[in-house]
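Text of entry.pdb, listed as PDB, C-alpha atoms and all ligand atoms:
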ATOM      1  CA  MET F  21      27.519 -21.562 -20.328
ATOM      2  CA  ARG F  22      25.618 -18.646 -18.784
ATOM      3  CA  TRP F  23      24.592 -19.057 -15.171
ATOM      4  CA  GLY F  24      21.805 -17.033 -13.550
ATOM      5  CA  ILE F  25      22.646 -16.739  -9.865
ATOM      6  CA  PHE F  26      20.442 -15.351  -7.107
ATOM      7  CA  SER F  27      20.269 -15.384  -3.320
ATOM      8  CA  ASP F  28      18.158 -14.324  -0.353
ATOM      9  CA  ILE F  29      14.716 -14.019  -1.935
ATOM     10  CA  HIS F  30      13.193 -13.893   1.549
ATOM     11  CA  SER F  31       9.591 -14.466   0.473
ATOM     12  CA  ASN F  32       9.565 -11.284  -1.619
ATOM     13  CA  LEU F  33       7.592 -12.393  -4.674
ATOM     14  CA  GLU F  34       7.589  -8.976  -6.379
ATOM     15  CA  ALA F  35      11.400  -8.747  -6.263
ATOM     16  CA  PHE F  36      11.815 -12.372  -7.359
ATOM     17  CA  GLN F  37       9.487 -11.979 -10.336
ATOM     18  CA  ALA F  38      11.409  -8.857 -11.438
ATOM     19  CA  VAL F  39      14.671 -10.815 -11.281
ATOM     20  CA  LEU F  40      13.196 -13.747 -13.204
ATOM     21  CA  ALA F  41      11.916 -11.345 -15.890
ATOM     22  CA  SER F  42      15.439  -9.884 -16.188
ATOM     23  CA  PHE F  43      16.954 -13.347 -16.453
ATOM     24  CA  ALA F  44      14.590 -14.037 -19.364
ATOM     25  CA  GLN F  45      16.556 -11.385 -21.347
ATOM     26  CA  GLU F  46      19.962 -12.816 -20.383
ATOM     27  CA  HIS F  47      20.063 -16.126 -22.316
ATOM     28  CA  ILE F  48      20.638 -18.125 -19.138
ATOM     29  CA  ASP F  49      21.451 -21.841 -19.464
ATOM     30  CA  ARG F  50      21.230 -22.852 -15.823
ATOM     31  CA  TYR F  51      20.134 -21.265 -12.532
ATOM     32  CA  ILE F  52      21.704 -21.253  -9.084
ATOM     33  CA  CYS F  53      19.882 -20.332  -5.858
ATOM     34  CA  LEU F  54      22.131 -19.565  -2.884
ATOM     35  CA  GLY F  55      19.493 -20.004  -0.186
ATOM     36  CA  ASP F  56      17.099 -18.069   2.056
ATOM     37  CA  ILE F  57      14.092 -18.532  -0.183
ATOM     38  CA  VAL F  58      11.880 -17.731   2.828
ATOM     39  CA  GLY F  59      11.876 -15.530   5.943
ATOM     40  CA  TYR F  60      10.938 -11.814   6.387
ATOM     41  CA  GLY F  61       8.476 -11.411   3.492
ATOM     42  CA  ALA F  62       4.828 -12.313   2.953
ATOM     43  CA  ASN F  63       4.953 -14.854   0.079
ATOM     44  CA  PRO F  64       6.967 -17.892   1.210
ATOM     45  CA  ARG F  65       4.777 -20.474  -0.561
ATOM     46  CA  GLU F  66       4.719 -18.584  -3.854
ATOM     47  CA  CYS F  67       8.501 -18.065  -3.766
ATOM     48  CA  ILE F  68       9.126 -21.771  -3.096
ATOM     49  CA  GLN F  69       6.841 -22.608  -6.032
ATOM     50  CA  GLU F  70       8.684 -20.190  -8.347
ATOM     51  CA  VAL F  71      12.067 -21.597  -7.308
ATOM     52  CA  LYS F  72      10.843 -25.129  -8.001
ATOM     53  CA  ARG F  73       9.586 -24.032 -11.436
ATOM     54  CA  PHE F  74      13.041 -22.784 -12.471
ATOM     55  CA  LYS F  75      14.803 -25.864 -11.072
ATOM     56  CA  PRO F  76      17.968 -24.083  -9.933
ATOM     57  CA  ILE F  77      20.776 -25.896  -8.188
ATOM     58  CA  THR F  78      19.955 -24.736  -4.667
ATOM     59  CA  VAL F  79      21.740 -24.657  -1.321
ATOM     60  CA  ALA F  80      20.071 -24.114   2.055
ATOM     61  CA  GLY F  81      20.016 -20.785   3.859
ATOM     62  CA  ASN F  82      19.666 -20.389   7.623
ATOM     63  CA  HIS F  83      16.056 -19.140   7.234
ATOM     64  CA  ASP F  84      15.159 -22.132   5.016
ATOM     65  CA  TRP F  85      16.405 -24.535   7.625
ATOM     66  CA  ALA F  86      14.909 -22.530  10.522
ATOM     67  CA  ALA F  87      11.459 -22.673   8.880
ATOM     68  CA  CYS F  88      11.602 -26.492   9.029
ATOM     69  CA  GLU F  89      13.365 -26.644  12.417
ATOM     70  CA  ARG F  90      16.739 -27.791  11.108
ATOM     71  CA  PHE F  91      18.390 -24.605  12.425
ATOM     72  CA  ASP F  92      17.817 -23.097  15.860
ATOM     73  CA  VAL F  93      16.068 -19.696  15.824
ATOM     74  CA  LYS F  94      17.889 -18.711  19.013
ATOM     75  CA  TYR F  95      20.584 -17.328  16.683
ATOM     76  CA  PHE F  96      18.034 -14.957  15.087
ATOM     77  CA  ASN F  97      17.062 -11.437  16.152
ATOM     78  CA  SER F  98      13.474 -10.907  17.296
ATOM     79  CA  TYR F  99      12.203  -9.672  13.883
ATOM     80  CA  ALA F 100      13.639 -12.737  12.162
ATOM     81  CA  GLN F 101      12.208 -15.034  14.850
ATOM     82  CA  THR F 102       8.731 -13.538  14.443
ATOM     83  CA  ALA F 103       8.986 -13.903  10.655
ATOM     84  CA  ILE F 104      10.122 -17.535  10.894
ATOM     85  CA  ALA F 105       7.240 -18.442  13.238
ATOM     86  CA  TRP F 106       4.829 -16.790  10.763
ATOM     87  CA  THR F 107       6.509 -18.558   7.818
ATOM     88  CA  ALA F 108       6.331 -21.987   9.490
ATOM     89  CA  GLN F 109       2.571 -21.444   9.922
ATOM     90  CA  ASN F 110       2.059 -20.320   6.349
ATOM     91  CA  ILE F 111       3.857 -23.036   4.394
ATOM     92  CA  THR F 112       2.836 -26.662   3.896
ATOM     93  CA  GLN F 113       4.432 -29.841   5.166
ATOM     94  CA  GLU F 114       5.636 -30.465   1.613
ATOM     95  CA  ASP F 115       7.287 -27.026   1.543
ATOM     96  CA  LYS F 116       9.069 -27.847   4.825
ATOM     97  CA  GLN F 117      10.263 -31.147   3.443
ATOM     98  CA  TYR F 118      11.622 -29.352   0.402
ATOM     99  CA  LEU F 119      13.460 -26.718   2.489
ATOM    100  CA  GLY F 120      14.817 -29.412   4.802
ATOM    101  CA  SER F 121      16.096 -31.434   1.854
ATOM    102  CA  LEU F 122      18.392 -28.635   0.623
ATOM    103  CA  LYS F 123      22.111 -29.307   0.987
ATOM    104  CA  LEU F 124      24.590 -26.849   2.472
ATOM    105  CA  VAL F 125      27.324 -26.936  -0.173
ATOM    106  CA  SER F 126      27.501 -27.895  -3.811
ATOM    107  CA  GLU F 127      30.690 -28.126  -5.848
ATOM    108  CA  LEU F 128      30.021 -27.771  -9.563
ATOM    109  CA  GLY F 129      32.479 -27.852 -12.423
ATOM    110  CA  GLY F 130      34.760 -24.895 -11.699
ATOM    111  CA  PHE F 131      32.879 -23.300  -8.842
ATOM    112  CA  THR F 132      31.387 -23.881  -5.413
ATOM    113  CA  ILE F 133      28.153 -22.578  -3.883
ATOM    114  CA  VAL F 134      27.270 -22.079  -0.207
ATOM    115  CA  HIS F 135      24.910 -19.707   1.629
ATOM    116  CA  GLY F 136      27.180 -18.433   4.395
ATOM    117  CA  SER F 137      30.705 -19.761   4.667
ATOM    118  CA  LEU F 138      32.435 -22.967   3.584
ATOM    119  CA  HIS F 139      33.936 -23.233   7.052
ATOM    120  CA  GLN F 140      31.384 -25.196   9.111
ATOM    121  CA  PRO F 141      28.587 -24.312   6.673
ATOM    122  CA  GLU F 142      25.923 -25.584   9.090
ATOM    123  CA  ARG F 143      26.757 -22.640  11.379
ATOM    124  CA  PHE F 144      26.025 -20.058   8.669
ATOM    125  CA  GLU F 145      28.904 -17.749   9.574
ATOM    126  CA  TYR F 146      29.013 -14.320   7.943
ATOM    127  CA  ILE F 147      31.729 -13.407   5.467
ATOM    128  CA  LEU F 148      31.909  -9.671   6.000
ATOM    129  CA  ASP F 149      35.441  -8.699   5.041
ATOM    130  CA  ALA F 150      38.822  -9.806   3.715
ATOM    131  CA  TYR F 151      39.548 -11.324   7.134
ATOM    132  CA  SER F 152      36.421 -13.466   7.593
ATOM    133  CA  VAL F 153      36.710 -14.874   4.056
ATOM    134  CA  GLU F 154      40.060 -16.539   4.867
ATOM    135  CA  SER F 155      38.657 -19.742   6.405
ATOM    136  CA  THR F 156      36.566 -20.243   3.253
ATOM    137  CA  LEU F 157      39.497 -19.591   0.893
ATOM    138  CA  ASP F 158      41.595 -22.093   2.876
ATOM    139  CA  ILE F 159      39.269 -24.978   1.959
ATOM    140  CA  LEU F 160      37.974 -23.779  -1.412
ATOM    141  CA  ASN F 161      38.788 -26.394  -4.094
ATOM    142  CA  THR F 162      37.635 -24.295  -7.039
ATOM    143  CA  GLN F 163      38.705 -20.925  -8.454
ATOM    144  CA  LEU F 164      35.358 -19.397  -7.763
ATOM    145  CA  CYS F 165      32.812 -19.480  -4.938
ATOM    146  CA  PHE F 166      29.363 -17.870  -4.865
ATOM    147  CA  ILE F 167      27.840 -16.960  -1.510
ATOM    148  CA  GLY F 168      24.920 -14.946  -0.097
ATOM    149  CA  HIS F 169      23.776 -14.374   3.501
ATOM    150  CA  THR F 170      24.969 -10.789   4.165
ATOM    151  CA  HIS F 171      22.703  -9.264   1.471
ATOM    152  CA  VAL F 172      25.604  -7.059   0.341
ATOM    153  CA  PRO F 173      27.031  -7.726  -3.132
ATOM    154  CA  VAL F 174      30.835  -7.740  -3.036
ATOM    155  CA  THR F 175      33.697  -9.821  -4.435
ATOM    156  CA  PHE F 176      36.686 -10.943  -2.386
ATOM    157  CA  ILE F 177      39.723 -11.320  -4.597
ATOM    158  CA  HIS F 178      42.615 -13.509  -3.475
ATOM    159  CA  ARG F 179      45.759 -12.735  -5.455
ATOM    160  CA  ASP F 180      49.408 -13.534  -4.548
ATOM    161  CA  GLY F 181      48.521 -14.467  -0.964
ATOM    162  CA  ARG F 182      46.547 -11.257  -0.349
ATOM    163  CA  CYS F 183      42.805 -10.787  -0.160
ATOM    164  CA  THR F 184      40.921  -7.581  -0.992
ATOM    165  CA  ALA F 185      37.234  -6.631  -1.171
ATOM    166  CA  CYS F 186      36.059  -5.307  -4.527
ATOM    167  CA  PHE F 187      32.759  -3.513  -5.169
ATOM    168  CA  ARG F 188      33.011  -3.344  -8.968
ATOM    169  CA  LYS F 189      29.878  -4.655 -10.665
ATOM    170  CA  LYS F 190      31.680  -6.331 -13.564
ATOM    171  CA  LEU F 191      34.690  -8.612 -13.216
ATOM    172  CA  ALA F 192      36.884 -10.362 -15.767
ATOM    173  CA  LEU F 193      38.273 -13.459 -14.048
ATOM    174  CA  GLU F 194      42.035 -13.965 -14.240
ATOM    175  CA  ALA F 195      43.825 -17.310 -14.022
ATOM    176  CA  ASP F 196      45.649 -18.053 -10.716
ATOM    177  CA  VAL F 197      43.326 -15.725  -8.810
ATOM    178  CA  LYS F 198      40.532 -16.921  -6.509
ATOM    179  CA  TYR F 199      37.198 -15.168  -6.163
ATOM    180  CA  VAL F 200      34.449 -15.319  -3.553
ATOM    181  CA  VAL F 201      31.430 -13.500  -4.996
ATOM    182  CA  ASN F 202      28.532 -12.455  -2.795
ATOM    183  CA  ALA F 203      25.425 -12.301  -5.006
ATOM    184  CA  GLY F 204      23.619  -9.843  -2.723
ATOM    185  CA  SER F 205      19.895 -10.249  -2.121
ATOM    186  CA  VAL F 206      16.835 -10.486  -4.353
ATOM    187  CA  GLY F 207      14.268  -9.669  -1.707
ATOM    188  CA  GLN F 208      15.970  -7.709   1.045
ATOM    189  CA  PRO F 209      19.024  -5.775  -0.176
ATOM    190  CA  ARG F 210      21.198  -4.209   2.524
ATOM    191  CA  ASP F 211      23.705  -2.287   0.422
ATOM    192  CA  GLY F 212      21.720   0.956   0.429
ATOM    193  CA  ASP F 213      20.277   0.289  -3.043
ATOM    194  CA  PRO F 214      16.724  -1.075  -2.633
ATOM    195  CA  ARG F 215      16.589  -2.661  -6.093
ATOM    196  CA  ALA F 216      16.694  -6.476  -6.360
ATOM    197  CA  THR F 217      20.153  -7.946  -6.991
ATOM    198  CA  TYR F 218      21.199 -10.888  -9.158
ATOM    199  CA  VAL F 219      24.340 -12.182 -10.869
ATOM    200  CA  VAL F 220      25.170 -13.449 -14.339
ATOM    201  CA  TYR F 221      28.245 -15.659 -14.620
ATOM    202  CA  ASP F 222      29.498 -16.441 -18.115
ATOM    203  CA  SER F 223      31.860 -19.375 -17.675
ATOM    204  CA  ASP F 224      33.032 -19.303 -21.332
ATOM    205  CA  ASN F 225      33.954 -15.603 -21.315
ATOM    206  CA  LYS F 226      35.131 -15.787 -17.663
ATOM    207  CA  GLU F 227      32.973 -12.861 -16.627
ATOM    208  CA  VAL F 228      30.891 -12.180 -13.535
ATOM    209  CA  GLU F 229      28.389  -9.338 -13.473
ATOM    210  CA  ILE F 230      26.348  -8.168 -10.480
ATOM    211  CA  LYS F 231      23.108  -6.560 -11.655
ATOM    212  CA  LYS F 232      20.201  -4.620 -10.156
ATOM    213  CA  VAL F 233      16.569  -4.409 -11.174
ATOM    214  CA  PRO F 234      13.756  -2.204  -9.806
ATOM    215  CA  TYR F 235      10.566  -3.853  -8.588
ATOM    216  CA  ASN F 236       7.254  -2.925  -6.965
ATOM    217  CA  ILE F 237       8.565  -2.243  -3.444
ATOM    218  CA  ARG F 238       5.297  -0.651  -2.310
ATOM    219  CA  LYS F 239       3.348  -3.847  -3.078
ATOM    220  CA  ALA F 240       5.839  -6.040  -1.202
ATOM    221  CA  LYS F 241       5.734  -3.645   1.783
ATOM    222  CA  ASP F 242       1.918  -3.562   1.867
ATOM    223  CA  LYS F 243       1.768  -7.363   1.888
ATOM    224  CA  ILE F 244       4.158  -7.547   4.864
ATOM    225  CA  ILE F 245       2.024  -5.094   6.861
ATOM    226  CA  LYS F 246      -1.218  -6.820   5.864
ATOM    227  CA  ALA F 247       0.206 -10.186   6.984
ATOM    228  CA  GLY F 248       0.840  -8.752  10.456
ATOM    229  CA  LEU F 249       4.608  -9.160  10.168
ATOM    230  CA  PRO F 250       6.849  -6.575  11.939
ATOM    231  CA  LYS F 251       6.544  -3.132  10.276
ATOM    232  CA  MET F 252      10.293  -2.728  10.312
ATOM    233  CA  LEU F 253      10.593  -5.566   7.766
ATOM    234  CA  ALA F 254       8.469  -3.531   5.348
ATOM    235  CA  GLU F 255      10.237  -0.239   6.021
ATOM    236  CA  ARG F 256      13.735  -1.571   5.383
ATOM    237  CA  LEU F 257      12.748  -2.619   1.848
ATOM    238  CA  GLY F 258      12.320   1.044   0.947
ATOM    239  CA  THR F 259      15.842   2.015   1.963
ATOM    240  CA  GLY F 260      17.708  -1.183   1.098
ATOM    241  CA  GLN F 261      19.185  -1.384   4.582
TER     242      GLN F 261
HETATM  243 ZN    ZN O 301      19.266 -13.891   4.124
END
Target encoding structure tokens, full file:
Amino acid sequence: MRWGIFSDIHSNLEAFQAVLASFAQEHIDRYICLGDIVGYGANPRECIQEVKRFKPITVAGNHDWAACERFDVKYFNSYAQTAIAWTAQNITQEDKQYLGSLKLVSELGGFTIVHGSLHQPERFEYILDAYSVESTLDILNTQLCFIGHTHVPVTFIHRDGRCTACFRKKLALEADVKYVVNAGSVGQPRDGDPRATYVVYDSDNKEVEIKKVPYNIRKAKDKIIKAGLPKMLAERLGTGQ
């Protein structure tokens, strides 16, 4: 089975369409969306529609739940708050119902998916390093966990009681080792590479690959500015920060 995994679209339709076009070449059997479909970008409705079209197994991100008032925006910085207020005004009641219906965690055969952290997932804690991943590893029932939220693709490898962060793009999974894979971000990468990020997981060959695809950044930036969203949200797309 080949899984197409993506996270943190953040209303960036151009980036999402580039990722979906790449997936079309990857012989994907099933899709996974790790949350934050909306927030920051200018096309929340279109991104929700595209997600629905591909019918991925989807978990909620903090921005998804904030847009339908299931998560308090007091935890957001001012740019994110402005973007969520704009998003809430520019999606329909049906869109809000959809975002509010998303679950926090899903355990599938052999792997688990969550937006932030398995530890109190409703708090959307950040897994940033080999230390903050521990509380997730403690309660992880499967060998593998896919996460998003930080917008930085990285894999935490737990072997013989020790955890290390690994930035290799291609991983061959070993038995008796646990992996927490951050799928990075489709629509707002923060790893210094502005291209859209996605993941292909081949569960038969036991391989995980983090991939990048270029997209029309200028168009996504122009839409953000035209929508009256904070300029900074457009600028950061160009640098991937
Ligand atoms: Zn996000």
Taking all atoms listed in the file into account, report as number ranges by chain which residues have an atom no farther than 7 Å from an atom of ligand ZN 301 (chain O).
-> F: 28, 30, 56, 81, 83, 169-171
Counting only C-alpha atoms, which of F:Leu124, F:Ala247, F:Met252, F:Val39 gets nearest to F:Phe144?
->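 Among the listed residues, the smallest separation from F:Phe144 belongs to F:Leu124.
Proximity to F:Pro214 was assessed for F:Ala35, F:Ala86, F:Ala195, F:Phe74 counting all atoms listed in the file; the smallest distance is recorded for F:Ala35.
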For F:Arg215, which of F:Ala38, F:Met21, F:Val58, F:Leu160 is the closest residue, counting all atoms listed in the file?
->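 Using all atoms listed in the file, the shortest distance to F:Arg215 belongs to F:Ala38.
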Run the PyMOL selection byres (((chain F and resi 138) around 9) and not hetatm) mentally over the shown coordinates, then write out the matched residues as a PyMOL selection string, using the chain letters and numbers from the document.
-> chain F and resi 124-125+133-137+139-142+144-145+155-157+159-160
Taking the file as shown, find all residues satisfying the PyMOL selection byres (((chain F and resi 218) around 6) and not hetatm) and write them as a ChimeraX atom specification.
-> /F:26,217,219,230-231
Selection result of the PyMOL selection byres (((chain F and resi 119) around 9) and not hetatm) on this file, as a tab-separated table (two decimals) with C-alpha atoms, in the frame of the given file:
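Done, and the output landed in out-v9.tsv:
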chain	number	residue	atom	x	y	z
F	57	ILE	CA	14.09	-18.53	-0.18
F	68	ILE	CA	9.13	-21.77	-3.10
F	80	ALA	CA	20.07	-24.11	2.06
F	81	GLY	CA	20.02	-20.78	3.86
F	84	ASP	CA	15.16	-22.13	5.02
F	85	TRP	CA	16.40	-24.54	7.62
F	87	ALA	CA	11.46	-22.67	8.88
F	88	CYS	CA	11.60	-26.49	9.03
F	114	GLU	CA	5.64	-30.46	1.61
F	115	ASP	CA	7.29	-27.03	1.54
F	116	LYS	CA	9.07	-27.85	4.82
F	117	GLN	CA	10.26	-31.15	3.44
F	118	TYR	CA	11.62	-29.35	0.40
F	120	GLY	CA	14.82	-29.41	4.80
F	121	SER	CA	16.10	-31.43	1.85
F	122	LEU	CA	18.39	-28.64	0.62
Go ahead and fit an axis-aligned box to every listed atom of stretch 202-211 of chain F plus 5 Å each side, and pass me the centre and edge lengths in Å, one decimal, as JSON.
{"center_x": 21.4, "center_y": -7.4, "center_z": -1.2, "size_x": 24.3, "size_y": 20.2, "size_z": 17.5}
Looking at F:Ala150, F:Val79, F:Val206, F:Ala103, which one is nearest to F:Cys186, with distances taken over only C-alpha atoms?
->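 Answer, going by the shortest atom-to-atom distance: F:Ala150.
Of the residues listed (F:Asn82, F:Glu66, F:Phe131, F:Pro250), F:Glu66 shows the shortest atom-to-atom separation from F:Thr112; distances use all atoms listed in the file.
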For F:Glu46, which residue among F:Arg65, F:Arg22, F:Lys94, F:Lys251 is the nearest when counting only C-alpha atoms?
-> F:Arg22
Taking (34.5, -11.9, -21.2) in the file's coordinates as the center, which residues reach within 10 Å of it, counting all atoms listed in the file, put as an MDAnalysis selection string?
-> chainID F and resid 190:193 221:228
note - atom CA of F:Tyr199 and atom CA of F:Arg73 are separated by 29.5 Å
May I ask for the distance between atom CA of F:Cys53 and atom CA of F:Ser205, given in Å to one decimal place?
->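 Straight-line distance from atom CA of F:Cys53 to atom CA of F:Ser205 works out to 10.8 Å.
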In Å, rounded to a single decimal, give me how far atom CA of F:Ala44 is from atom CA of F:Leu253.
-> 28.7 Å
Starting from the point (34.6, -10.0, -3.9), work out which residues of protein, DNA or RNA have an atom no more than 6 Å away when counting all atoms listed in the file; state them as a PyMOL selection string.
-> chain F and resi 174-177+185-186+200-201
Test item: residues at most 9 Å from F:Leu148, only C-alpha atoms, excluding those fewer than 3 positions along its chain, as a ChimeraX atom specification = /F:151-153,170,172
